[in-house]
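Note: the block below is start-v1.txt and it holds compact mmCIF, N, CA, C and O atoms.
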# COMPACT_ATOMS: atom_id res chain seq x y z
N LEU U 256 117.37 100.35 111.19
CA LEU U 256 118.43 99.72 110.42
C LEU U 256 118.36 100.13 108.95
O LEU U 256 119.39 100.40 108.33
N ALA U 257 117.16 100.16 108.41
CA ALA U 257 117.01 100.53 107.00
C ALA U 257 117.46 101.96 106.76
O ALA U 257 118.12 102.26 105.77
N ARG U 258 117.12 102.84 107.68
CA ARG U 258 117.52 104.25 107.54
C ARG U 258 119.03 104.44 107.64
O ARG U 258 119.56 105.42 107.17
N MET U 259 119.70 103.47 108.22
CA MET U 259 121.15 103.53 108.36
C MET U 259 121.84 102.83 107.19
O MET U 259 123.04 102.60 107.22
N GLY U 260 121.04 102.45 106.18
CA GLY U 260 121.62 101.78 105.03
C GLY U 260 121.87 100.30 105.24
O GLY U 260 122.60 99.66 104.49
N ARG U 261 121.25 99.75 106.27
CA ARG U 261 121.44 98.33 106.58
C ARG U 261 120.16 97.57 106.26
O ARG U 261 119.55 96.93 107.11
N SER U 262 119.77 97.63 105.00
CA SER U 262 118.51 97.04 104.55
C SER U 262 118.45 95.53 104.79
O SER U 262 117.41 95.00 105.18
N GLU U 263 119.55 94.86 104.55
CA GLU U 263 119.58 93.40 104.75
C GLU U 263 119.32 93.06 106.21
O GLU U 263 118.54 92.13 106.51
N ASP U 264 119.93 93.80 107.12
CA ASP U 264 119.70 93.57 108.55
C ASP U 264 118.27 93.92 108.93
O ASP U 264 117.64 93.23 109.74
N ALA U 265 117.73 94.99 108.35
CA ALA U 265 116.35 95.38 108.62
C ALA U 265 115.39 94.29 108.16
O ALA U 265 114.46 93.92 108.88
N GLU U 266 115.63 93.75 106.97
CA GLU U 266 114.79 92.67 106.47
C GLU U 266 114.82 91.47 107.41
O GLU U 266 113.78 90.89 107.74
N LYS U 267 116.00 91.08 107.85
CA LYS U 267 116.13 89.95 108.77
C LYS U 267 115.37 90.21 110.06
O LYS U 267 114.71 89.32 110.60
N SER U 268 115.48 91.43 110.55
CA SER U 268 114.80 91.80 111.79
C SER U 268 113.28 91.72 111.63
O SER U 268 112.57 91.18 112.49
N PHE U 269 112.77 92.25 110.51
CA PHE U 269 111.33 92.19 110.26
C PHE U 269 110.88 90.74 110.09
O PHE U 269 109.83 90.34 110.58
N ARG U 270 111.66 89.94 109.40
CA ARG U 270 111.32 88.52 109.21
C ARG U 270 111.27 87.78 110.56
O ARG U 270 110.40 86.94 110.79
N ARG U 271 112.20 88.12 111.42
CA ARG U 271 112.23 87.50 112.75
C ARG U 271 110.97 87.91 113.54
O ARG U 271 110.35 87.07 114.19
N GLU U 272 110.62 89.18 113.43
CA GLU U 272 109.42 89.66 114.13
C GLU U 272 108.16 89.00 113.57
O GLU U 272 107.25 88.63 114.32
N ILE U 273 108.10 88.82 112.26
CA ILE U 273 106.96 88.14 111.64
C ILE U 273 106.89 86.69 112.13
O ILE U 273 105.80 86.19 112.43
N ALA U 274 108.03 86.03 112.22
CA ALA U 274 108.05 84.65 112.71
C ALA U 274 107.56 84.55 114.16
O ALA U 274 106.85 83.61 114.52
N GLU U 275 107.91 85.53 114.97
CA GLU U 275 107.51 85.53 116.37
C GLU U 275 106.05 85.94 116.56
O GLU U 275 105.38 85.47 117.47
N PHE U 276 105.57 86.84 115.71
CA PHE U 276 104.21 87.37 115.83
C PHE U 276 103.52 87.33 114.46
O PHE U 276 103.28 88.37 113.84
N PRO U 277 103.21 86.14 113.97
CA PRO U 277 102.73 86.00 112.59
C PRO U 277 101.39 86.66 112.29
O PRO U 277 101.07 86.88 111.12
N THR U 278 100.62 86.99 113.31
CA THR U 278 99.32 87.62 113.06
C THR U 278 99.34 89.13 113.28
O THR U 278 98.32 89.79 113.13
N ASP U 279 100.49 89.69 113.63
CA ASP U 279 100.62 91.14 113.82
C ASP U 279 100.94 91.79 112.48
O ASP U 279 102.00 91.53 111.89
N PRO U 280 100.06 92.65 111.97
CA PRO U 280 100.31 93.25 110.65
C PRO U 280 101.48 94.25 110.59
O PRO U 280 102.02 94.49 109.52
N GLN U 281 101.88 94.82 111.72
CA GLN U 281 102.88 95.88 111.70
C GLN U 281 104.22 95.47 111.08
O GLN U 281 104.74 96.19 110.23
N PRO U 282 104.82 94.34 111.47
CA PRO U 282 106.10 94.01 110.84
C PRO U 282 105.95 93.72 109.34
O PRO U 282 106.86 94.01 108.56
N TYR U 283 104.80 93.21 108.94
CA TYR U 283 104.55 93.01 107.51
C TYR U 283 104.54 94.37 106.81
O TYR U 283 105.15 94.54 105.75
N LYS U 284 103.81 95.33 107.40
CA LYS U 284 103.75 96.67 106.80
C LYS U 284 105.16 97.25 106.63
O LYS U 284 105.50 97.78 105.58
N ASN U 285 105.96 97.12 107.68
CA ASN U 285 107.31 97.68 107.64
C ASN U 285 108.15 97.01 106.54
O ASN U 285 108.88 97.69 105.81
N LEU U 286 108.03 95.70 106.44
CA LEU U 286 108.82 94.98 105.44
C LEU U 286 108.31 95.28 104.03
O LEU U 286 109.11 95.41 103.10
N ILE U 287 107.02 95.40 103.86
CA ILE U 287 106.47 95.78 102.55
C ILE U 287 107.03 97.14 102.13
O ILE U 287 107.48 97.30 100.99
N LEU U 288 107.01 98.09 103.04
CA LEU U 288 107.55 99.42 102.73
C LEU U 288 109.03 99.34 102.37
O LEU U 288 109.49 100.01 101.44
N LEU U 289 109.79 98.54 103.10
CA LEU U 289 111.21 98.37 102.81
C LEU U 289 111.40 97.79 101.41
O LEU U 289 112.20 98.29 100.62
N PHE U 290 110.65 96.73 101.11
CA PHE U 290 110.77 96.12 99.78
C PHE U 290 110.46 97.11 98.67
O PHE U 290 111.19 97.21 97.69
N ILE U 291 109.38 97.85 98.82
CA ILE U 291 108.99 98.79 97.76
C ILE U 291 110.02 99.90 97.64
O ILE U 291 110.38 100.30 96.53
N ALA U 292 110.54 100.37 98.76
CA ALA U 292 111.57 101.41 98.72
C ALA U 292 112.82 100.94 97.99
O ALA U 292 113.52 101.72 97.36
N GLU U 293 113.07 99.63 98.05
CA GLU U 293 114.23 99.06 97.38
C GLU U 293 113.92 98.60 95.95
O GLU U 293 114.78 98.03 95.28
N GLY U 294 112.68 98.83 95.51
CA GLY U 294 112.30 98.42 94.16
C GLY U 294 111.97 96.95 94.04
O GLY U 294 111.91 96.41 92.94
N LYS U 295 111.75 96.29 95.15
CA LYS U 295 111.43 94.86 95.16
C LYS U 295 109.91 94.68 95.21
O LYS U 295 109.34 94.18 96.19
N THR U 296 109.23 95.07 94.13
CA THR U 296 107.78 95.04 94.14
C THR U 296 107.21 93.62 94.20
O THR U 296 106.19 93.40 94.84
N GLN U 297 107.86 92.68 93.54
CA GLN U 297 107.37 91.29 93.60
C GLN U 297 107.41 90.75 95.02
O GLN U 297 106.47 90.08 95.47
N GLU U 298 108.48 91.04 95.73
CA GLU U 298 108.60 90.59 97.12
C GLU U 298 107.55 91.26 97.99
O GLU U 298 106.96 90.63 98.87
N GLY U 299 107.32 92.56 97.76
CA GLY U 299 106.30 93.29 98.51
C GLY U 299 104.92 92.72 98.27
O GLY U 299 104.14 92.52 99.21
N THR U 300 104.62 92.44 97.01
CA THR U 300 103.31 91.86 96.67
C THR U 300 103.15 90.49 97.31
O THR U 300 102.09 90.18 97.87
N ALA U 301 104.17 89.67 97.24
CA ALA U 301 104.11 88.34 97.85
C ALA U 301 103.86 88.44 99.35
O ALA U 301 103.10 87.65 99.92
N LEU U 302 104.47 89.43 99.99
CA LEU U 302 104.31 89.59 101.43
C LEU U 302 102.88 90.00 101.79
O LEU U 302 102.36 89.60 102.83
N ILE U 303 102.24 90.76 100.92
CA ILE U 303 100.84 91.11 101.15
C ILE U 303 100.00 89.84 101.24
O ILE U 303 99.19 89.67 102.15
N PHE U 304 100.22 88.94 100.31
CA PHE U 304 99.46 87.68 100.32
C PHE U 304 99.85 86.79 101.49
O PHE U 304 99.01 86.06 102.02
N GLU U 305 101.10 86.86 101.93
CA GLU U 305 101.52 86.12 103.12
C GLU U 305 100.77 86.61 104.35
O GLU U 305 100.33 85.81 105.18
N LEU U 306 100.63 87.94 104.46
CA LEU U 306 99.90 88.51 105.59
C LEU U 306 98.44 88.07 105.54
O LEU U 306 97.88 87.66 106.56
N GLU U 307 97.85 88.14 104.36
CA GLU U 307 96.44 87.73 104.26
C GLU U 307 96.28 86.26 104.68
O GLU U 307 95.32 85.91 105.36
N LYS U 308 97.19 85.42 104.29
CA LYS U 308 97.11 84.00 104.63
C LYS U 308 97.34 83.76 106.13
O LYS U 308 96.64 82.98 106.76
N ALA U 309 98.32 84.45 106.70
CA ALA U 309 98.67 84.25 108.11
C ALA U 309 97.63 84.85 109.05
O ALA U 309 97.39 84.30 110.14
N ALA U 310 97.05 85.96 108.65
CA ALA U 310 96.12 86.67 109.55
C ALA U 310 95.01 87.32 108.74
O ALA U 310 95.02 88.53 108.52
N PRO U 311 94.05 86.53 108.27
CA PRO U 311 92.95 87.10 107.49
C PRO U 311 91.93 87.82 108.38
O PRO U 311 90.80 87.38 108.56
N SER U 312 92.38 88.93 108.95
CA SER U 312 91.56 89.69 109.90
C SER U 312 91.34 91.10 109.37
O SER U 312 92.06 91.57 108.48
N ALA U 313 90.36 91.78 109.93
CA ALA U 313 90.08 93.16 109.53
C ALA U 313 91.32 94.06 109.70
O ALA U 313 91.63 94.84 108.80
N PRO U 314 92.05 93.96 110.82
CA PRO U 314 93.24 94.80 110.96
C PRO U 314 94.30 94.51 109.88
O PRO U 314 95.01 95.42 109.45
N SER U 315 94.40 93.27 109.43
CA SER U 315 95.36 92.95 108.38
C SER U 315 94.97 93.61 107.06
O SER U 315 95.81 94.20 106.37
N TYR U 316 93.70 93.51 106.71
CA TYR U 316 93.24 94.15 105.47
C TYR U 316 93.40 95.66 105.55
O TYR U 316 93.79 96.31 104.57
N ALA U 317 93.13 96.23 106.72
CA ALA U 317 93.32 97.66 106.90
C ALA U 317 94.79 98.03 106.76
O ALA U 317 95.13 99.03 106.12
N ALA U 318 95.67 97.22 107.33
CA ALA U 318 97.11 97.49 107.24
C ALA U 318 97.58 97.46 105.79
O ALA U 318 98.37 98.31 105.37
N ILE U 319 97.10 96.49 105.04
CA ILE U 319 97.49 96.40 103.62
C ILE U 319 96.99 97.63 102.88
O ILE U 319 97.74 98.27 102.13
N SER U 320 95.73 97.98 103.09
CA SER U 320 95.15 99.15 102.41
C SER U 320 95.91 100.42 102.77
O SER U 320 96.26 101.22 101.89
N GLU U 321 96.20 100.62 104.05
CA GLU U 321 96.92 101.82 104.49
C GLU U 321 98.33 101.87 103.90
O GLU U 321 98.81 102.94 103.51
N THR U 322 98.99 100.73 103.86
CA THR U 322 100.35 100.68 103.31
C THR U 322 100.35 101.07 101.84
O THR U 322 101.18 101.86 101.39
N LEU U 323 99.41 100.51 101.09
CA LEU U 323 99.34 100.83 99.67
C LEU U 323 98.98 102.29 99.45
O LEU U 323 99.50 102.94 98.53
N LYS U 324 98.12 102.82 100.29
CA LYS U 324 97.77 104.24 100.19
C LYS U 324 99.02 105.11 100.44
O LYS U 324 99.27 106.07 99.72
N THR U 325 99.80 104.73 101.44
CA THR U 325 101.04 105.45 101.75
C THR U 325 101.99 105.43 100.55
O THR U 325 102.68 106.41 100.28
N LEU U 326 101.98 104.32 99.84
CA LEU U 326 102.86 104.17 98.67
C LEU U 326 102.30 104.84 97.42
O LEU U 326 102.93 104.82 96.37
N GLY U 327 101.10 105.42 97.53
CA GLY U 327 100.51 106.12 96.40
C GLY U 327 99.69 105.23 95.48
O GLY U 327 99.27 105.66 94.41
N ASP U 328 99.44 104.01 95.90
CA ASP U 328 98.65 103.07 95.10
C ASP U 328 97.19 103.12 95.57
O ASP U 328 96.74 102.28 96.34
N GLN U 329 96.46 104.13 95.10
CA GLN U 329 95.08 104.32 95.53
C GLN U 329 94.18 103.15 95.10
O GLN U 329 93.33 102.71 95.85
N ALA U 330 94.40 102.66 93.89
CA ALA U 330 93.59 101.55 93.39
C ALA U 330 93.82 100.30 94.24
O ALA U 330 92.87 99.60 94.60
N GLY U 331 95.08 100.03 94.56
CA GLY U 331 95.39 98.88 95.41
C GLY U 331 94.81 99.04 96.80
O GLY U 331 94.28 98.08 97.38
N ALA U 332 94.91 100.25 97.35
CA ALA U 332 94.36 100.51 98.68
C ALA U 332 92.86 100.27 98.68
O ALA U 332 92.31 99.65 99.61
N HIS U 333 92.19 100.73 97.66
CA HIS U 333 90.74 100.56 97.53
C HIS U 333 90.40 99.07 97.39
O HIS U 333 89.49 98.56 98.05
N PHE U 334 91.16 98.36 96.55
CA PHE U 334 90.93 96.93 96.34
C PHE U 334 91.01 96.15 97.65
O PHE U 334 90.13 95.33 97.95
N TRP U 335 92.05 96.40 98.43
CA TRP U 335 92.25 95.62 99.66
C TRP U 335 91.25 96.02 100.74
O TRP U 335 90.84 95.17 101.54
N ALA U 336 90.84 97.27 100.78
CA ALA U 336 89.78 97.65 101.72
C ALA U 336 88.48 96.94 101.35
O ALA U 336 87.78 96.41 102.22
N ALA U 337 88.17 96.91 100.05
CA ALA U 337 86.96 96.22 99.60
C ALA U 337 87.04 94.72 99.87
O ALA U 337 86.06 94.09 100.27
N ARG U 338 88.21 94.16 99.64
CA ARG U 338 88.40 92.72 99.89
C ARG U 338 88.18 92.41 101.37
O ARG U 338 87.55 91.41 101.73
N GLY U 339 88.70 93.26 102.23
CA GLY U 339 88.50 93.08 103.67
C GLY U 339 87.03 93.23 104.05
O GLY U 339 86.50 92.46 104.86
N LEU U 340 86.37 94.21 103.44
CA LEU U 340 84.95 94.42 103.74
C LEU U 340 84.08 93.26 103.27
O LEU U 340 83.04 92.99 103.86
N SER U 341 84.52 92.55 102.25
CA SER U 341 83.75 91.40 101.80
C SER U 341 83.73 90.30 102.87
O SER U 341 82.81 89.49 102.92
N LYS U 342 84.73 90.33 103.74
CA LYS U 342 84.81 89.33 104.82
C LYS U 342 84.37 89.89 106.17
O LYS U 342 83.93 89.15 107.04
N PHE U 343 84.54 91.20 106.32
CA PHE U 343 84.20 91.87 107.58
C PHE U 343 83.35 93.11 107.27
O PHE U 343 83.81 94.25 107.42
N PRO U 344 82.11 92.90 106.81
CA PRO U 344 81.30 94.02 106.30
C PRO U 344 80.95 95.10 107.32
O PRO U 344 80.65 96.23 106.93
N SER U 345 81.03 94.80 108.59
CA SER U 345 80.67 95.81 109.59
C SER U 345 81.88 96.55 110.17
O SER U 345 81.72 97.39 111.05
N ASP U 346 83.07 96.27 109.66
CA ASP U 346 84.28 96.90 110.21
C ASP U 346 84.33 98.38 109.78
O ASP U 346 84.44 98.70 108.60
N ARG U 347 84.24 99.26 110.76
CA ARG U 347 84.20 100.71 110.48
C ARG U 347 85.51 101.25 109.88
O ARG U 347 85.48 102.15 109.07
N HIS U 348 86.62 100.69 110.32
CA HIS U 348 87.90 101.16 109.80
C HIS U 348 88.01 100.85 108.30
O HIS U 348 88.42 101.70 107.51
N LEU U 349 87.66 99.63 107.92
CA LEU U 349 87.68 99.27 106.51
C LEU U 349 86.68 100.09 105.70
O LEU U 349 86.96 100.50 104.58
N GLN U 350 85.52 100.35 106.30
CA GLN U 350 84.53 101.19 105.62
C GLN U 350 85.11 102.58 105.34
O GLN U 350 84.96 103.12 104.24
N ALA U 351 85.78 103.13 106.33
CA ALA U 351 86.39 104.46 106.16
C ALA U 351 87.49 104.43 105.10
O ALA U 351 87.61 105.36 104.30
N LEU U 352 88.29 103.38 105.10
CA LEU U 352 89.35 103.26 104.11
C LEU U 352 88.78 103.15 102.69
O LEU U 352 89.32 103.72 101.75
N LEU U 353 87.66 102.45 102.56
CA LEU U 353 87.04 102.30 101.25
C LEU U 353 86.48 103.63 100.75
O LEU U 353 86.58 103.94 99.56
N ARG U 354 85.97 104.44 101.67
CA ARG U 354 85.46 105.77 101.29
C ARG U 354 86.58 106.72 100.91
O ARG U 354 86.35 107.72 100.25
N GLY U 355 87.79 106.40 101.37
CA GLY U 355 88.93 107.24 101.04
C GLY U 355 89.26 108.19 102.12
O GLY U 355 89.94 109.07 102.14

Whole structure given in structure tokens:
Amino acid sequence: LARMGRSEDAEKSFRREIAEFPTDPQPYKNLILLFIAEGKTQEGTALIFELEKAAPSAPSYAAISETLKTLGDQAGAHFWAARGLSKFPSDRHLQALLRG
């Protein structure tokens, strides 16, 4: 929907998916990317914290780190990988993300 210029519909769809699957990081990642692409950085940042609150799991921290890396925010990606490792120190995926 977003690629077809229907950003509002895409946002609603991602929000619906988040409501149905609140612990799945993927719809959060997609909506964060949509927000940032539209210049809505405050909304994207707020959604990162929503994901952390809804699903404070290693996959969620990895998803946040990967999303920020995709967006070119290396410092943010590093921060969130480290934050995840502080809670899940043996998670290999987070360890790899922290190494870069």

Can you pull out every residue from segment 278-352 of chain U that DSSP, working from the backbone, puts in alpha helix (DSSP H), and format the result as a compact mmCIF listing (two decimals) with N, CA, C and O atoms, in the frame of the given file?
# COMPACT_ATOMS: atom_id res chain seq x y z
N PRO U 280 100.06 92.65 111.97
CA PRO U 280 100.31 93.25 110.65
C PRO U 280 101.48 94.25 110.59
O PRO U 280 102.02 94.49 109.52
N GLN U 281 101.88 94.82 111.72
CA GLN U 281 102.88 95.88 111.70
C GLN U 281 104.22 95.47 111.08
O GLN U 281 104.74 96.19 110.23
N PRO U 282 104.82 94.34 111.47
CA PRO U 282 106.10 94.01 110.84
C PRO U 282 105.95 93.72 109.34
O PRO U 282 106.86 94.01 108.56
N TYR U 283 104.80 93.21 108.94
CA TYR U 283 104.55 93.01 107.51
C TYR U 283 104.54 94.37 106.81
O TYR U 283 105.15 94.54 105.75
N LYS U 284 103.81 95.33 107.40
CA LYS U 284 103.75 96.67 106.80
C LYS U 284 105.16 97.25 106.63
O LYS U 284 105.50 97.78 105.58
N ASN U 285 105.96 97.12 107.68
CA ASN U 285 107.31 97.68 107.64
C ASN U 285 108.15 97.01 106.54
O ASN U 285 108.88 97.69 105.81
N LEU U 286 108.03 95.70 106.44
CA LEU U 286 108.82 94.98 105.44
C LEU U 286 108.31 95.28 104.03
O LEU U 286 109.11 95.41 103.10
N ILE U 287 107.02 95.40 103.86
CA ILE U 287 106.47 95.78 102.55
C ILE U 287 107.03 97.14 102.13
O ILE U 287 107.48 97.30 100.99
N LEU U 288 107.01 98.09 103.04
CA LEU U 288 107.55 99.42 102.73
C LEU U 288 109.03 99.34 102.37
O LEU U 288 109.49 100.01 101.44
N LEU U 289 109.79 98.54 103.10
CA LEU U 289 111.21 98.37 102.81
C LEU U 289 111.40 97.79 101.41
O LEU U 289 112.20 98.29 100.62
N PHE U 290 110.65 96.73 101.11
CA PHE U 290 110.77 96.12 99.78
C PHE U 290 110.46 97.11 98.67
O PHE U 290 111.19 97.21 97.69
N ILE U 291 109.38 97.85 98.82
CA ILE U 291 108.99 98.79 97.76
C ILE U 291 110.02 99.90 97.64
O ILE U 291 110.38 100.30 96.53
N ALA U 292 110.54 100.37 98.76
CA ALA U 292 111.57 101.41 98.72
C ALA U 292 112.82 100.94 97.99
O ALA U 292 113.52 101.72 97.36
N THR U 296 109.23 95.07 94.13
CA THR U 296 107.78 95.04 94.14
C THR U 296 107.21 93.62 94.20
O THR U 296 106.19 93.40 94.84
N GLN U 297 107.86 92.68 93.54
CA GLN U 297 107.37 91.29 93.60
C GLN U 297 107.41 90.75 95.02
O GLN U 297 106.47 90.08 95.47
N GLU U 298 108.48 91.04 95.73
CA GLU U 298 108.60 90.59 97.12
C GLU U 298 107.55 91.26 97.99
O GLU U 298 106.96 90.63 98.87
N GLY U 299 107.32 92.56 97.76
CA GLY U 299 106.30 93.29 98.51
C GLY U 299 104.92 92.72 98.27
O GLY U 299 104.14 92.52 99.21
N THR U 300 104.62 92.44 97.01
CA THR U 300 103.31 91.86 96.67
C THR U 300 103.15 90.49 97.31
O THR U 300 102.09 90.18 97.87
N ALA U 301 104.17 89.67 97.24
CA ALA U 301 104.11 88.34 97.85
C ALA U 301 103.86 88.44 99.35
O ALA U 301 103.10 87.65 99.92
N LEU U 302 104.47 89.43 99.99
CA LEU U 302 104.31 89.59 101.43
C LEU U 302 102.88 90.00 101.79
O LEU U 302 102.36 89.60 102.83
N ILE U 303 102.24 90.76 100.92
CA ILE U 303 100.84 91.11 101.15
C ILE U 303 100.00 89.84 101.24
O ILE U 303 99.19 89.67 102.15
N PHE U 304 100.22 88.94 100.31
CA PHE U 304 99.46 87.68 100.32
C PHE U 304 99.85 86.79 101.49
O PHE U 304 99.01 86.06 102.02
N GLU U 305 101.10 86.86 101.93
CA GLU U 305 101.52 86.12 103.12
C GLU U 305 100.77 86.61 104.35
O GLU U 305 100.33 85.81 105.18
N LEU U 306 100.63 87.94 104.46
CA LEU U 306 99.90 88.51 105.59
C LEU U 306 98.44 88.07 105.54
O LEU U 306 97.88 87.66 106.56
N GLU U 307 97.85 88.14 104.36
CA GLU U 307 96.44 87.73 104.26
C GLU U 307 96.28 86.26 104.68
O GLU U 307 95.32 85.91 105.36
N LYS U 308 97.19 85.42 104.29
CA LYS U 308 97.11 84.00 104.63
C LYS U 308 97.34 83.76 106.13
O LYS U 308 96.64 82.98 106.76
N ALA U 309 98.32 84.45 106.70
CA ALA U 309 98.67 84.25 108.11
C ALA U 309 97.63 84.85 109.05
O ALA U 309 97.39 84.30 110.14
N ALA U 313 90.36 91.78 109.93
CA ALA U 313 90.08 93.16 109.53
C ALA U 313 91.32 94.06 109.70
O ALA U 313 91.63 94.84 108.80
N PRO U 314 92.05 93.96 110.82
CA PRO U 314 93.24 94.80 110.96
C PRO U 314 94.30 94.51 109.88
O PRO U 314 95.01 95.42 109.45
N SER U 315 94.40 93.27 109.43
CA SER U 315 95.36 92.95 108.38
C SER U 315 94.97 93.61 107.06
O SER U 315 95.81 94.20 106.37
N TYR U 316 93.70 93.51 106.71
CA TYR U 316 93.24 94.15 105.47
C TYR U 316 93.40 95.66 105.55
O TYR U 316 93.79 96.31 104.57
N ALA U 317 93.13 96.23 106.72
CA ALA U 317 93.32 97.66 106.90
C ALA U 317 94.79 98.03 106.76
O ALA U 317 95.13 99.03 106.12
N ALA U 318 95.67 97.22 107.33
CA ALA U 318 97.11 97.49 107.24
C ALA U 318 97.58 97.46 105.79
O ALA U 318 98.37 98.31 105.37
N ILE U 319 97.10 96.49 105.04
CA ILE U 319 97.49 96.40 103.62
C ILE U 319 96.99 97.63 102.88
O ILE U 319 97.74 98.27 102.13
N SER U 320 95.73 97.98 103.09
CA SER U 320 95.15 99.15 102.41
C SER U 320 95.91 100.42 102.77
O SER U 320 96.26 101.22 101.89
N GLU U 321 96.20 100.62 104.05
CA GLU U 321 96.92 101.82 104.49
C GLU U 321 98.33 101.87 103.90
O GLU U 321 98.81 102.94 103.51
N THR U 322 98.99 100.73 103.86
CA THR U 322 100.35 100.68 103.31
C THR U 322 100.35 101.07 101.84
O THR U 322 101.18 101.86 101.39
N LEU U 323 99.41 100.51 101.09
CA LEU U 323 99.34 100.83 99.67
C LEU U 323 98.98 102.29 99.45
O LEU U 323 99.50 102.94 98.53
N LYS U 324 98.12 102.82 100.29
CA LYS U 324 97.77 104.24 100.19
C LYS U 324 99.02 105.11 100.44
O LYS U 324 99.27 106.07 99.72
N THR U 325 99.80 104.73 101.44
CA THR U 325 101.04 105.45 101.75
C THR U 325 101.99 105.43 100.55
O THR U 325 102.68 106.41 100.28
N GLN U 329 96.46 104.13 95.10
CA GLN U 329 95.08 104.32 95.53
C GLN U 329 94.18 103.15 95.10
O GLN U 329 93.33 102.71 95.85
N ALA U 330 94.40 102.66 93.89
CA ALA U 330 93.59 101.55 93.39
C ALA U 330 93.82 100.30 94.24
O ALA U 330 92.87 99.60 94.60
N GLY U 331 95.08 100.03 94.56
CA GLY U 331 95.39 98.88 95.41
C GLY U 331 94.81 99.04 96.80
O GLY U 331 94.28 98.08 97.38
N ALA U 332 94.91 100.25 97.35
CA ALA U 332 94.36 100.51 98.68
C ALA U 332 92.86 100.27 98.68
O ALA U 332 92.31 99.65 99.61
N HIS U 333 92.19 100.73 97.66
CA HIS U 333 90.74 100.56 97.53
C HIS U 333 90.40 99.07 97.39
O HIS U 333 89.49 98.56 98.05
N PHE U 334 91.16 98.36 96.55
CA PHE U 334 90.93 96.93 96.34
C PHE U 334 91.01 96.15 97.65
O PHE U 334 90.13 95.33 97.95
N TRP U 335 92.05 96.40 98.43
CA TRP U 335 92.25 95.62 99.66
C TRP U 335 91.25 96.02 100.74
O TRP U 335 90.84 95.17 101.54
N ALA U 336 90.84 97.27 100.78
CA ALA U 336 89.78 97.65 101.72
C ALA U 336 88.48 96.94 101.35
O ALA U 336 87.78 96.41 102.22
N ALA U 337 88.17 96.91 100.05
CA ALA U 337 86.96 96.22 99.60
C ALA U 337 87.04 94.72 99.87
O ALA U 337 86.06 94.09 100.27
N ARG U 338 88.21 94.16 99.64
CA ARG U 338 88.40 92.72 99.89
C ARG U 338 88.18 92.41 101.37
O ARG U 338 87.55 91.41 101.73
N GLY U 339 88.70 93.26 102.23
CA GLY U 339 88.50 93.08 103.67
C GLY U 339 87.03 93.23 104.05
O GLY U 339 86.50 92.46 104.86
N LEU U 340 86.37 94.21 103.44
CA LEU U 340 84.95 94.42 103.74
C LEU U 340 84.08 93.26 103.27
O LEU U 340 83.04 92.99 103.86
N SER U 341 84.52 92.55 102.25
CA SER U 341 83.75 91.40 101.80
C SER U 341 83.73 90.30 102.87
O SER U 341 82.81 89.49 102.92
N LYS U 342 84.73 90.33 103.74
CA LYS U 342 84.81 89.33 104.82
C LYS U 342 84.37 89.89 106.17
O LYS U 342 83.93 89.15 107.04
N ARG U 347 84.24 99.26 110.76
CA ARG U 347 84.20 100.71 110.48
C ARG U 347 85.51 101.25 109.88
O ARG U 347 85.48 102.15 109.07
N HIS U 348 86.62 100.69 110.32
CA HIS U 348 87.90 101.16 109.80
C HIS U 348 88.01 100.85 108.30
O HIS U 348 88.42 101.70 107.51
N LEU U 349 87.66 99.63 107.92
CA LEU U 349 87.68 99.27 106.51
C LEU U 349 86.68 100.09 105.70
O LEU U 349 86.96 100.50 104.58
N GLN U 350 85.52 100.35 106.30
CA GLN U 350 84.53 101.19 105.62
C GLN U 350 85.11 102.58 105.34
O GLN U 350 84.96 103.12 104.24
N ALA U 351 85.78 103.13 106.33
CA ALA U 351 86.39 104.46 106.16
C ALA U 351 87.49 104.43 105.10
O ALA U 351 87.61 105.36 104.30
N LEU U 352 88.29 103.38 105.10
CA LEU U 352 89.35 103.26 104.11
C LEU U 352 88.78 103.15 102.69
O LEU U 352 89.32 103.72 101.75

Using only C-alpha atoms, which residue out of U:Ser262, U:Ser320, U:Thr278, U:Ser312 lies closest to Ala292 of chain U?
-> U:Ser262

Name all residues at most 8 Å from Leu289 of chain U (count all atoms listed in the file; drop same-chain ones fewer than 3 positions away) and give them as a ChimeraX atom specification.
-> /U:257,262,265-266,282-286,292-296,299

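The nearest approach to Leu353 of chain U among the residues U:Gly339, U:Glu307, U:His333, U:Pro280, with all atoms listed in the file taken into account, belongs to U:His333.
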
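The coordinates place atom CA of Ile287 of chain U at 10.6 Å from atom CA of Ala318 of chain U.
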
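Picture a line from atom CA of Leu352 of chain U to atom CA of Gly327 of chain U; it runs 13.9 Å.
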
Please, what distance in Å, to one decimal, runs between atom CA of Gln281 of chain U and atom CA of Leu302 of chain U?
-> 12.1 Å

Skipping near chain neighbours, those fewer than 3 positions away, what residues fall within 12 Å of Lys342 of chain U using only C-alpha atoms, listed as an MDAnalysis selection string?
-> chainID U and resid 307 311:316 335:339 345:346 349:350

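Among U:His348, U:Ile319, U:Asp328, U:Leu288, the residue with the shortest atom-to-atom distance to Glu305 of chain U, counting only C-alpha atoms, is U:Ile319.
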